[in-house]
>>> print(open('final-v2.cif').read())   # mmCIF, N, CA and C atoms
data_work
loop_
_atom_site.label_atom_id
_atom_site.label_comp_id
_atom_site.auth_asym_id
_atom_site.auth_seq_id
_atom_site.Cartn_x
_atom_site.Cartn_y
_atom_site.Cartn_z
N MET A 1 -51.23 -27.86 17.47
CA MET A 1 -50.65 -26.54 17.52
C MET A 1 -49.13 -26.67 17.66
N ILE A 2 -48.43 -25.91 16.86
CA ILE A 2 -46.97 -25.82 17.01
C ILE A 2 -46.71 -24.54 17.79
N THR A 3 -46.16 -24.70 19.00
CA THR A 3 -46.05 -23.55 19.90
C THR A 3 -44.69 -22.87 19.86
N GLU A 4 -43.73 -23.45 19.25
CA GLU A 4 -42.41 -22.80 19.19
C GLU A 4 -41.80 -23.04 17.82
N TYR A 5 -41.93 -22.05 16.95
CA TYR A 5 -41.24 -22.12 15.67
C TYR A 5 -40.60 -20.76 15.44
N GLY A 6 -39.62 -20.73 14.59
CA GLY A 6 -38.97 -19.47 14.28
C GLY A 6 -37.75 -19.71 13.42
N ALA A 7 -37.22 -18.65 12.88
CA ALA A 7 -35.98 -18.69 12.11
C ALA A 7 -35.09 -17.58 12.65
N VAL A 8 -33.86 -17.91 12.88
CA VAL A 8 -32.92 -16.95 13.46
C VAL A 8 -32.66 -15.81 12.49
N ARG A 9 -32.81 -14.60 13.00
CA ARG A 9 -32.42 -13.43 12.20
C ARG A 9 -30.92 -13.25 12.36
N LYS A 10 -30.22 -13.19 11.27
CA LYS A 10 -28.77 -13.02 11.29
C LYS A 10 -28.42 -11.65 10.74
N GLN A 11 -27.51 -10.98 11.44
CA GLN A 11 -27.07 -9.68 10.98
C GLN A 11 -26.00 -9.87 9.92
N LEU A 12 -26.28 -9.40 8.71
CA LEU A 12 -25.37 -9.59 7.59
C LEU A 12 -24.29 -8.51 7.54
N ASP A 13 -24.66 -7.31 7.91
CA ASP A 13 -23.71 -6.21 8.03
C ASP A 13 -24.27 -5.23 9.05
N GLU A 14 -23.71 -4.06 9.13
CA GLU A 14 -24.10 -3.10 10.16
C GLU A 14 -25.59 -2.73 10.11
N PHE A 15 -26.17 -2.77 8.92
CA PHE A 15 -27.55 -2.30 8.75
C PHE A 15 -28.53 -3.37 8.23
N THR A 16 -28.03 -4.54 7.89
CA THR A 16 -28.85 -5.51 7.16
C THR A 16 -28.96 -6.84 7.89
N TYR A 17 -30.18 -7.37 7.91
CA TYR A 17 -30.44 -8.71 8.44
C TYR A 17 -30.92 -9.59 7.29
N ASN A 18 -30.99 -10.88 7.54
CA ASN A 18 -31.45 -11.84 6.53
C ASN A 18 -32.98 -11.94 6.51
N THR A 19 -33.66 -10.85 6.66
CA THR A 19 -35.12 -10.81 6.76
C THR A 19 -35.79 -11.47 5.57
N ASP A 20 -35.31 -11.23 4.37
CA ASP A 20 -35.93 -11.83 3.18
C ASP A 20 -35.87 -13.35 3.24
N GLU A 21 -34.74 -13.89 3.70
CA GLU A 21 -34.61 -15.35 3.81
C GLU A 21 -35.53 -15.90 4.89
N VAL A 22 -35.67 -15.19 6.00
CA VAL A 22 -36.58 -15.61 7.07
C VAL A 22 -38.01 -15.65 6.54
N ILE A 23 -38.39 -14.63 5.78
CA ILE A 23 -39.75 -14.57 5.24
C ILE A 23 -39.99 -15.71 4.24
N LYS A 24 -39.01 -16.01 3.40
CA LYS A 24 -39.15 -17.15 2.48
C LYS A 24 -39.36 -18.44 3.26
N TRP A 25 -38.56 -18.63 4.31
CA TRP A 25 -38.66 -19.84 5.12
C TRP A 25 -40.02 -19.93 5.79
N LEU A 26 -40.47 -18.84 6.40
CA LEU A 26 -41.74 -18.93 7.13
C LEU A 26 -42.92 -19.10 6.20
N ASN A 27 -42.84 -18.58 4.98
CA ASN A 27 -43.91 -18.83 4.02
C ASN A 27 -44.01 -20.32 3.68
N ASP A 28 -42.87 -20.98 3.53
CA ASP A 28 -42.88 -22.43 3.30
C ASP A 28 -43.40 -23.17 4.52
N TYR A 29 -42.85 -22.87 5.68
CA TYR A 29 -43.19 -23.57 6.92
C TYR A 29 -44.66 -23.37 7.28
N LEU A 30 -45.08 -22.11 7.32
CA LEU A 30 -46.46 -21.82 7.69
C LEU A 30 -47.44 -22.25 6.59
N GLY A 31 -47.01 -22.19 5.36
CA GLY A 31 -47.88 -22.63 4.27
C GLY A 31 -48.24 -24.10 4.42
N ILE A 32 -47.26 -24.93 4.77
CA ILE A 32 -47.52 -26.35 4.98
C ILE A 32 -48.40 -26.55 6.21
N ALA A 33 -48.05 -25.88 7.31
CA ALA A 33 -48.85 -26.01 8.53
C ALA A 33 -50.29 -25.58 8.28
N LYS A 34 -50.45 -24.47 7.58
CA LYS A 34 -51.80 -23.96 7.29
C LYS A 34 -52.59 -24.94 6.44
N SER A 35 -51.92 -25.58 5.49
CA SER A 35 -52.62 -26.53 4.62
C SER A 35 -53.17 -27.72 5.40
N TYR A 36 -52.58 -28.02 6.54
CA TYR A 36 -53.05 -29.10 7.41
C TYR A 36 -53.92 -28.57 8.55
N GLY A 37 -54.16 -27.27 8.59
CA GLY A 37 -54.99 -26.69 9.64
C GLY A 37 -54.30 -26.59 10.98
N ILE A 38 -52.96 -26.53 10.97
CA ILE A 38 -52.19 -26.49 12.21
C ILE A 38 -51.85 -25.04 12.53
N PRO A 39 -52.36 -24.50 13.65
CA PRO A 39 -51.97 -23.15 14.05
C PRO A 39 -50.55 -23.15 14.62
N CYS A 40 -49.86 -22.04 14.46
CA CYS A 40 -48.46 -21.92 14.91
C CYS A 40 -48.26 -20.62 15.69
N VAL A 41 -47.36 -20.67 16.65
CA VAL A 41 -47.03 -19.50 17.47
C VAL A 41 -45.53 -19.25 17.35
N TRP A 42 -45.15 -18.06 16.87
CA TRP A 42 -43.74 -17.69 16.70
C TRP A 42 -43.03 -17.71 18.05
N TRP A 43 -41.85 -18.29 18.10
CA TRP A 43 -41.02 -18.29 19.30
C TRP A 43 -40.27 -16.96 19.36
N ASP A 44 -40.68 -16.07 20.25
CA ASP A 44 -40.05 -14.77 20.42
C ASP A 44 -39.35 -14.75 21.77
N ASN A 45 -38.02 -14.87 21.74
CA ASN A 45 -37.25 -14.91 22.97
C ASN A 45 -36.78 -13.52 23.41
N ASN A 46 -37.28 -12.49 22.77
CA ASN A 46 -36.97 -11.09 23.08
C ASN A 46 -35.50 -10.74 22.85
N TYR A 47 -34.80 -11.56 22.04
CA TYR A 47 -33.44 -11.22 21.62
C TYR A 47 -33.53 -10.71 20.19
N PHE A 48 -33.20 -9.46 19.99
CA PHE A 48 -33.34 -8.89 18.66
C PHE A 48 -32.16 -8.02 18.26
N SER A 49 -31.23 -7.78 19.18
CA SER A 49 -30.11 -6.91 18.81
C SER A 49 -28.75 -7.48 19.18
N SER A 50 -28.70 -8.51 20.00
CA SER A 50 -27.41 -9.12 20.33
C SER A 50 -27.62 -10.58 20.69
N GLY A 51 -26.58 -11.36 20.51
CA GLY A 51 -26.65 -12.78 20.79
C GLY A 51 -26.72 -13.59 19.52
N ASN A 52 -26.72 -14.91 19.68
CA ASN A 52 -26.72 -15.82 18.53
C ASN A 52 -28.11 -16.30 18.15
N GLU A 53 -29.08 -16.14 19.02
CA GLU A 53 -30.41 -16.66 18.76
C GLU A 53 -31.41 -15.52 18.68
N LEU A 54 -31.37 -14.78 17.59
CA LEU A 54 -32.22 -13.61 17.42
C LEU A 54 -33.58 -14.02 16.86
N PHE A 55 -34.45 -14.51 17.75
CA PHE A 55 -35.81 -14.87 17.37
C PHE A 55 -36.79 -13.76 17.68
N GLY A 56 -36.36 -12.72 18.37
CA GLY A 56 -37.26 -11.64 18.77
C GLY A 56 -37.70 -10.80 17.58
N ILE A 57 -39.02 -10.57 17.50
CA ILE A 57 -39.55 -9.68 16.48
C ILE A 57 -40.39 -8.58 17.11
N PHE A 58 -40.56 -8.63 18.45
CA PHE A 58 -41.34 -7.64 19.18
C PHE A 58 -40.62 -7.30 20.47
N ASP A 59 -40.32 -6.03 20.66
CA ASP A 59 -39.63 -5.57 21.87
C ASP A 59 -40.67 -5.32 22.97
N ARG A 60 -40.66 -6.17 23.98
CA ARG A 60 -41.65 -6.07 25.05
C ARG A 60 -41.48 -4.80 25.88
N ALA A 61 -40.27 -4.27 25.97
CA ALA A 61 -40.01 -3.08 26.78
C ALA A 61 -40.61 -1.82 26.15
N THR A 62 -40.58 -1.76 24.82
CA THR A 62 -41.07 -0.57 24.12
C THR A 62 -42.40 -0.78 23.42
N CYS A 63 -42.86 -2.04 23.39
CA CYS A 63 -44.09 -2.41 22.66
C CYS A 63 -44.00 -2.01 21.19
N GLN A 64 -42.82 -2.24 20.60
CA GLN A 64 -42.57 -1.93 19.19
C GLN A 64 -42.10 -3.19 18.47
N TRP A 65 -42.50 -3.32 17.21
CA TRP A 65 -41.98 -4.41 16.38
C TRP A 65 -40.53 -4.12 16.05
N THR A 66 -39.67 -5.10 16.20
CA THR A 66 -38.27 -4.96 15.80
C THR A 66 -38.05 -5.54 14.40
N ALA A 67 -38.98 -6.37 13.97
CA ALA A 67 -38.95 -6.94 12.62
C ALA A 67 -40.36 -6.92 12.06
N PRO A 68 -40.87 -5.73 11.76
CA PRO A 68 -42.26 -5.64 11.31
C PRO A 68 -42.53 -6.40 10.01
N GLN A 69 -41.52 -6.54 9.16
CA GLN A 69 -41.73 -7.26 7.90
C GLN A 69 -42.07 -8.72 8.16
N ILE A 70 -41.46 -9.30 9.19
CA ILE A 70 -41.73 -10.70 9.53
C ILE A 70 -43.14 -10.84 10.09
N ALA A 71 -43.51 -9.95 11.00
CA ALA A 71 -44.87 -9.98 11.57
C ALA A 71 -45.90 -9.81 10.46
N GLU A 72 -45.66 -8.89 9.55
CA GLU A 72 -46.60 -8.64 8.44
C GLU A 72 -46.71 -9.85 7.52
N ALA A 73 -45.59 -10.54 7.30
CA ALA A 73 -45.61 -11.73 6.44
C ALA A 73 -46.42 -12.85 7.08
N ILE A 74 -46.33 -13.00 8.39
CA ILE A 74 -47.11 -14.03 9.10
C ILE A 74 -48.60 -13.73 8.96
N VAL A 75 -48.97 -12.49 9.22
CA VAL A 75 -50.38 -12.10 9.13
C VAL A 75 -50.89 -12.26 7.69
N ALA A 76 -50.10 -11.83 6.73
CA ALA A 76 -50.51 -11.92 5.33
C ALA A 76 -50.76 -13.36 4.91
N LEU A 77 -49.92 -14.27 5.35
CA LEU A 77 -50.10 -15.66 4.97
C LEU A 77 -51.41 -16.22 5.50
N TYR A 78 -51.75 -15.88 6.71
CA TYR A 78 -52.99 -16.40 7.30
C TYR A 78 -54.23 -15.65 6.84
N ASN A 79 -54.05 -14.50 6.20
CA ASN A 79 -55.19 -13.77 5.65
C ASN A 79 -55.49 -14.16 4.21
N GLU A 80 -54.69 -15.04 3.63
CA GLU A 80 -54.92 -15.47 2.24
C GLU A 80 -56.17 -16.30 2.14
#
>>> encode(input="final-v2.cif", output="structure tokens")
Amino acid sequence: MITEYGAVRKQLDEFTYNTDEVIKWLNDYLGIAKSYGIPCVWWDNNYFSSGNELFGIFDRATCQWTAPQIAEAIVALYNE
């Protein structure tokens, strides 16, 4: 089991993050892990709006996804 993996979400401008690049990366990373039968757990440090290490995709305070596209991509890959 890989217990800490993730790709940093970078804010490109006031409204845009590099979400598409993160999804491309995780499809490659998880695709290889899945092919070997290795389960993986996303490293969510709960940083999603400020700081340099934006690995957070779920806001624990509000119980809301902050990056639902990433969560959906993870689920979709494992449902293939």
>>> residues_around(input="final-v2.cif", residues="Met1 (chain A)", least_positions_apart="5", cutoff="6 Å", atoms="only C-alpha atoms", output="ChimeraX atom specification")
/A:38-40
>>> write_last_selection(input="final-v2.cif", atoms="N, CA and C atoms", output="mmCIF file, keeping the file's coordinate frame")
data_model
loop_
_atom_site.group_PDB
_atom_site.id
_atom_site.type_symbol
_atom_site.label_atom_id
_atom_site.label_comp_id
_atom_site.auth_asym_id
_atom_site.auth_seq_id
_atom_site.Cartn_x
_atom_site.Cartn_y
_atom_site.Cartn_z
ATOM 1 N N ILE A 38 -52.960 -26.530 10.970
ATOM 2 C CA ILE A 38 -52.190 -26.490 12.210
ATOM 3 C C ILE A 38 -51.850 -25.040 12.530
ATOM 4 N N PRO A 39 -52.360 -24.500 13.650
ATOM 5 C CA PRO A 39 -51.970 -23.150 14.050
ATOM 6 C C PRO A 39 -50.550 -23.150 14.620
ATOM 7 N N CYS A 40 -49.860 -22.040 14.460
ATOM 8 C CA CYS A 40 -48.460 -21.920 14.910
ATOM 9 C C CYS A 40 -48.260 -20.620 15.690
#
>>> residues_around(input="final-v2.cif", residues="Leu54 (chain A)", least_positions_apart="6", cutoff="7 Å", atoms="only C-alpha atoms", output="PyMOL selection string")
chain A and resi 8-9+47-48
>>> closest_residue(input="final-v2.cif", among="A:Trp65, A:Glu80, A:Ile2, A:Asn18", to="Ala33 (chain A)", atoms="only C-alpha atoms")
A:Ile2
>>> residues_around(input="final-v2.cif", residues="Trp25 (chain A)", least_positions_apart="6", cutoff="8 Å", atoms="all atoms listed in the file", output="mmCIF file with N, CA and C atoms, in the frame of the given file")
data_model
loop_
_atom_site.group_PDB
_atom_site.id
_atom_site.type_symbol
_atom_site.label_atom_id
_atom_site.label_comp_id
_atom_site.auth_asym_id
_atom_site.auth_seq_id
_atom_site.Cartn_x
_atom_site.Cartn_y
_atom_site.Cartn_z
ATOM 1 N N GLY A 6 -39.620 -20.730 14.590
ATOM 2 C CA GLY A 6 -38.970 -19.470 14.280
ATOM 3 C C GLY A 6 -37.750 -19.710 13.420
ATOM 4 N N ALA A 7 -37.220 -18.650 12.880
ATOM 5 C CA ALA A 7 -35.980 -18.690 12.110
ATOM 6 C C ALA A 7 -35.090 -17.580 12.650
ATOM 7 N N THR A 19 -33.660 -10.850 6.660
ATOM 8 C CA THR A 19 -35.120 -10.810 6.760
ATOM 9 C C THR A 19 -35.790 -11.470 5.570
ATOM 10 N N GLY A 31 -47.010 -22.190 5.360
ATOM 11 C CA GLY A 31 -47.880 -22.630 4.270
ATOM 12 C C GLY A 31 -48.240 -24.100 4.420
#
>>> resolve_selection(input="final-v2.cif", expression="the PyMOL selection byres ((chain A and resi 44) around 8)", output="ChimeraX atom specification")
/A:3-6,41-43,45-47,54-58
>>> write_last_selection(input="final-v2.cif", atoms="N, CA and C atoms", output="PDB file, in the frame of the given file")
ATOM      1  N   THR A   3     -46.160 -24.700  19.000  1.00  0.00           N
ATOM      2  CA  THR A   3     -46.050 -23.550  19.900  1.00  0.00           C
ATOM      3  C   THR A   3     -44.690 -22.870  19.860  1.00  0.00           C
ATOM      4  N   GLU A   4     -43.730 -23.450  19.250  1.00  0.00           N
ATOM      5  CA  GLU A   4     -42.410 -22.800  19.190  1.00  0.00           C
ATOM      6  C   GLU A   4     -41.800 -23.040  17.820  1.00  0.00           C
ATOM      7  N   TYR A   5     -41.930 -22.050  16.950  1.00  0.00           N
ATOM      8  CA  TYR A   5     -41.240 -22.120  15.670  1.00  0.00           C
ATOM      9  C   TYR A   5     -40.600 -20.760  15.440  1.00  0.00           C
ATOM     10  N   GLY A   6     -39.620 -20.730  14.590  1.00  0.00           N
ATOM     11  CA  GLY A   6     -38.970 -19.470  14.280  1.00  0.00           C
ATOM     12  C   GLY A   6     -37.750 -19.710  13.420  1.00  0.00           C
ATOM     13  N   VAL A  41     -47.360 -20.670  16.650  1.00  0.00           N
ATOM     14  CA  VAL A  41     -47.030 -19.500  17.470  1.00  0.00           C
ATOM     15  C   VAL A  41     -45.530 -19.250  17.350  1.00  0.00           C
ATOM     16  N   TRP A  42     -45.150 -18.060  16.870  1.00  0.00           N
ATOM     17  CA  TRP A  42     -43.740 -17.690  16.700  1.00  0.00           C
ATOM     18  C   TRP A  42     -43.030 -17.710  18.050  1.00  0.00           C
ATOM     19  N   TRP A  43     -41.850 -18.290  18.100  1.00  0.00           N
ATOM     20  CA  TRP A  43     -41.020 -18.290  19.300  1.00  0.00           C
ATOM     21  C   TRP A  43     -40.270 -16.960  19.360  1.00  0.00           C
ATOM     22  N   ASN A  45     -38.020 -14.870  21.740  1.00  0.00           N
ATOM     23  CA  ASN A  45     -37.250 -14.910  22.970  1.00  0.00           C
ATOM     24  C   ASN A  45     -36.780 -13.520  23.410  1.00  0.00           C
ATOM     25  N   ASN A  46     -37.280 -12.490  22.770  1.00  0.00           N
ATOM     26  CA  ASN A  46     -36.970 -11.090  23.080  1.00  0.00           C
ATOM     27  C   ASN A  46     -35.500 -10.740  22.850  1.00  0.00           C
ATOM     28  N   TYR A  47     -34.800 -11.560  22.040  1.00  0.00           N
ATOM     29  CA  TYR A  47     -33.440 -11.220  21.620  1.00  0.00           C
ATOM     30  C   TYR A  47     -33.530 -10.710  20.190  1.00  0.00           C
ATOM     31  N   LEU A  54     -31.370 -14.780  17.590  1.00  0.00           N
ATOM     32  CA  LEU A  54     -32.220 -13.610  17.420  1.00  0.00           C
ATOM     33  C   LEU A  54     -33.580 -14.020  16.860  1.00  0.00           C
ATOM     34  N   PHE A  55     -34.450 -14.510  17.750  1.00  0.00           N
ATOM     35  CA  PHE A  55     -35.810 -14.870  17.370  1.00  0.00           C
ATOM     36  C   PHE A  55     -36.790 -13.760  17.680  1.00  0.00           C
ATOM     37  N   GLY A  56     -36.360 -12.720  18.370  1.00  0.00           N
ATOM     38  CA  GLY A  56     -37.260 -11.640  18.770  1.00  0.00           C
ATOM     39  C   GLY A  56     -37.700 -10.800  17.580  1.00  0.00           C
ATOM     40  N   ILE A  57     -39.020 -10.570  17.500  1.00  0.00           N
ATOM     41  CA  ILE A  57     -39.550  -9.680  16.480  1.00  0.00           C
ATOM     42  C   ILE A  57     -40.390  -8.580  17.110  1.00  0.00           C
ATOM     43  N   PHE A  58     -40.560  -8.630  18.450  1.00  0.00           N
ATOM     44  CA  PHE A  58     -41.340  -7.640  19.180  1.00  0.00           C
ATOM     45  C   PHE A  58     -40.620  -7.300  20.470  1.00  0.00           C
TER      46      PHE A  58
END
>>> atom_distance(input="final-v2.cif", atom1="CA of Glu14 (chain A)", atom2="atom N of Thr62 (chain A)")
22.1 Å
>>> select_by_dssp(input="final-v2.cif", residues="chain A", states="alpha helix (DSSP H)", output="list of chain:residue names")
A:Thr19, A:Asp20, A:Glu21, A:Val22, A:Ile23, A:Lys24, A:Trp25, A:Leu26, A:Asn27, A:Asp28, A:Tyr29, A:Leu30, A:Gly31, A:Ile32, A:Ala33, A:Lys34, A:Ser35, A:Pro68, A:Gln69, A:Ile70, A:Ala71, A:Glu72, A:Ala73, A:Ile74, A:Val75, A:Ala76, A:Leu77, A:Tyr78
>>> build_atoms(input="final-v2.cif", residues="region 7-18 of chain A", atoms="all heavy atoms", output="mmCIF file, in the coordinates of the input")
data_model
loop_
_atom_site.group_PDB
_atom_site.id
_atom_site.type_symbol
_atom_site.label_atom_id
_atom_site.label_comp_id
_atom_site.auth_asym_id
_atom_site.auth_seq_id
_atom_site.Cartn_x
_atom_site.Cartn_y
_atom_site.Cartn_z
ATOM 1 N N ALA A 7 -37.220 -18.650 12.880
ATOM 2 C CA ALA A 7 -35.980 -18.690 12.110
ATOM 3 C C ALA A 7 -35.090 -17.580 12.650
ATOM 4 O O ALA A 7 -35.554 -16.462 12.872
ATOM 5 C CB ALA A 7 -36.265 -18.480 10.624
ATOM 6 N N VAL A 8 -33.860 -17.910 12.880
ATOM 7 C CA VAL A 8 -32.920 -16.950 13.460
ATOM 8 C C VAL A 8 -32.660 -15.810 12.490
ATOM 9 O O VAL A 8 -32.366 -16.038 11.312
ATOM 10 C CB VAL A 8 -31.592 -17.629 13.826
ATOM 11 C CG1 VAL A 8 -30.563 -16.622 14.303
ATOM 12 C CG2 VAL A 8 -31.812 -18.689 14.892
ATOM 13 N N ARG A 9 -32.810 -14.600 13.000
ATOM 14 C CA ARG A 9 -32.420 -13.430 12.200
ATOM 15 C C ARG A 9 -30.920 -13.250 12.360
ATOM 16 O O ARG A 9 -30.402 -13.179 13.473
ATOM 17 C CB ARG A 9 -33.148 -12.186 12.693
ATOM 18 C CG ARG A 9 -34.637 -12.255 12.414
ATOM 19 C CD ARG A 9 -35.378 -11.061 12.967
ATOM 20 N NE ARG A 9 -34.903 -9.832 12.352
ATOM 21 C CZ ARG A 9 -34.604 -8.730 13.037
ATOM 22 N NH1 ARG A 9 -34.731 -8.691 14.337
ATOM 23 N NH2 ARG A 9 -34.198 -7.650 12.407
ATOM 24 N N LYS A 10 -30.220 -13.190 11.270
ATOM 25 C CA LYS A 10 -28.770 -13.020 11.290
ATOM 26 C C LYS A 10 -28.420 -11.650 10.740
ATOM 27 O O LYS A 10 -28.950 -11.226 9.718
ATOM 28 C CB LYS A 10 -28.089 -14.114 10.466
ATOM 29 C CG LYS A 10 -28.306 -15.490 11.044
ATOM 30 C CD LYS A 10 -27.634 -16.542 10.222
ATOM 31 C CE LYS A 10 -27.919 -17.903 10.829
ATOM 32 N NZ LYS A 10 -27.369 -18.973 10.022
ATOM 33 N N GLN A 11 -27.510 -10.980 11.440
ATOM 34 C CA GLN A 11 -27.070 -9.680 10.980
ATOM 35 C C GLN A 11 -26.000 -9.870 9.920
ATOM 36 O O GLN A 11 -24.950 -10.462 10.169
ATOM 37 C CB GLN A 11 -26.535 -8.850 12.144
ATOM 38 C CG GLN A 11 -26.330 -7.418 11.785
ATOM 39 C CD GLN A 11 -26.171 -6.526 13.007
ATOM 40 O OE1 GLN A 11 -26.133 -6.994 14.133
ATOM 41 N NE2 GLN A 11 -26.079 -5.241 12.765
ATOM 42 N N LEU A 12 -26.280 -9.400 8.710
ATOM 43 C CA LEU A 12 -25.370 -9.590 7.590
ATOM 44 C C LEU A 12 -24.290 -8.510 7.540
ATOM 45 O O LEU A 12 -23.165 -8.761 7.131
ATOM 46 C CB LEU A 12 -26.147 -9.606 6.278
ATOM 47 C CG LEU A 12 -27.266 -10.661 6.202
ATOM 48 C CD1 LEU A 12 -28.040 -10.517 4.902
ATOM 49 C CD2 LEU A 12 -26.697 -12.059 6.349
ATOM 50 N N ASP A 13 -24.660 -7.310 7.910
ATOM 51 C CA ASP A 13 -23.710 -6.210 8.030
ATOM 52 C C ASP A 13 -24.270 -5.230 9.050
ATOM 53 O O ASP A 13 -25.242 -5.534 9.729
ATOM 54 C CB ASP A 13 -23.397 -5.547 6.679
ATOM 55 C CG ASP A 13 -24.628 -4.960 5.991
ATOM 56 O OD1 ASP A 13 -25.475 -4.339 6.678
ATOM 57 O OD2 ASP A 13 -24.749 -5.114 4.768
ATOM 58 N N GLU A 14 -23.710 -4.060 9.130
ATOM 59 C CA GLU A 14 -24.100 -3.100 10.160
ATOM 60 C C GLU A 14 -25.590 -2.730 10.110
ATOM 61 O O GLU A 14 -26.202 -2.440 11.128
ATOM 62 C CB GLU A 14 -23.252 -1.832 10.024
ATOM 63 C CG GLU A 14 -23.479 -0.824 11.113
ATOM 64 C CD GLU A 14 -22.585 0.392 10.983
ATOM 65 O OE1 GLU A 14 -21.686 0.404 10.120
ATOM 66 O OE2 GLU A 14 -22.804 1.341 11.753
ATOM 67 N N PHE A 15 -26.170 -2.770 8.920
ATOM 68 C CA PHE A 15 -27.550 -2.300 8.750
ATOM 69 C C PHE A 15 -28.530 -3.370 8.230
ATOM 70 O O PHE A 15 -29.716 -3.104 8.130
ATOM 71 C CB PHE A 15 -27.587 -1.113 7.785
ATOM 72 C CG PHE A 15 -26.721 0.024 8.217
ATOM 73 C CD1 PHE A 15 -25.520 0.267 7.575
ATOM 74 C CD2 PHE A 15 -27.087 0.834 9.281
ATOM 75 C CE1 PHE A 15 -24.704 1.321 7.974
ATOM 76 C CE2 PHE A 15 -26.279 1.879 9.691
ATOM 77 C CZ PHE A 15 -25.080 2.124 9.039
ATOM 78 N N THR A 16 -28.030 -4.540 7.890
ATOM 79 C CA THR A 16 -28.850 -5.510 7.160
ATOM 80 C C THR A 16 -28.960 -6.840 7.890
ATOM 81 O O THR A 16 -27.963 -7.359 8.397
ATOM 82 C CB THR A 16 -28.239 -5.775 5.764
ATOM 83 O OG1 THR A 16 -27.976 -4.523 5.127
ATOM 84 C CG2 THR A 16 -29.173 -6.598 4.904
ATOM 85 N N TYR A 17 -30.180 -7.370 7.910
ATOM 86 C CA TYR A 17 -30.440 -8.710 8.440
ATOM 87 C C TYR A 17 -30.920 -9.590 7.290
ATOM 88 O O TYR A 17 -31.277 -9.114 6.219
ATOM 89 C CB TYR A 17 -31.531 -8.660 9.520
ATOM 90 C CG TYR A 17 -31.063 -8.050 10.811
ATOM 91 C CD1 TYR A 17 -31.114 -6.678 11.014
ATOM 92 C CD2 TYR A 17 -30.575 -8.849 11.835
ATOM 93 C CE1 TYR A 17 -30.692 -6.112 12.205
ATOM 94 C CE2 TYR A 17 -30.149 -8.293 13.041
ATOM 95 C CZ TYR A 17 -30.210 -6.924 13.214
ATOM 96 O OH TYR A 17 -29.787 -6.369 14.387
ATOM 97 N N ASN A 18 -30.990 -10.880 7.540
ATOM 98 C CA ASN A 18 -31.450 -11.840 6.530
ATOM 99 C C ASN A 18 -32.980 -11.940 6.510
ATOM 100 O O ASN A 18 -33.544 -13.022 6.309
ATOM 101 C CB ASN A 18 -30.834 -13.214 6.800
ATOM 102 C CG ASN A 18 -31.317 -13.838 8.094
ATOM 103 O OD1 ASN A 18 -31.660 -13.138 9.054
ATOM 104 N ND2 ASN A 18 -31.332 -15.150 8.153
#
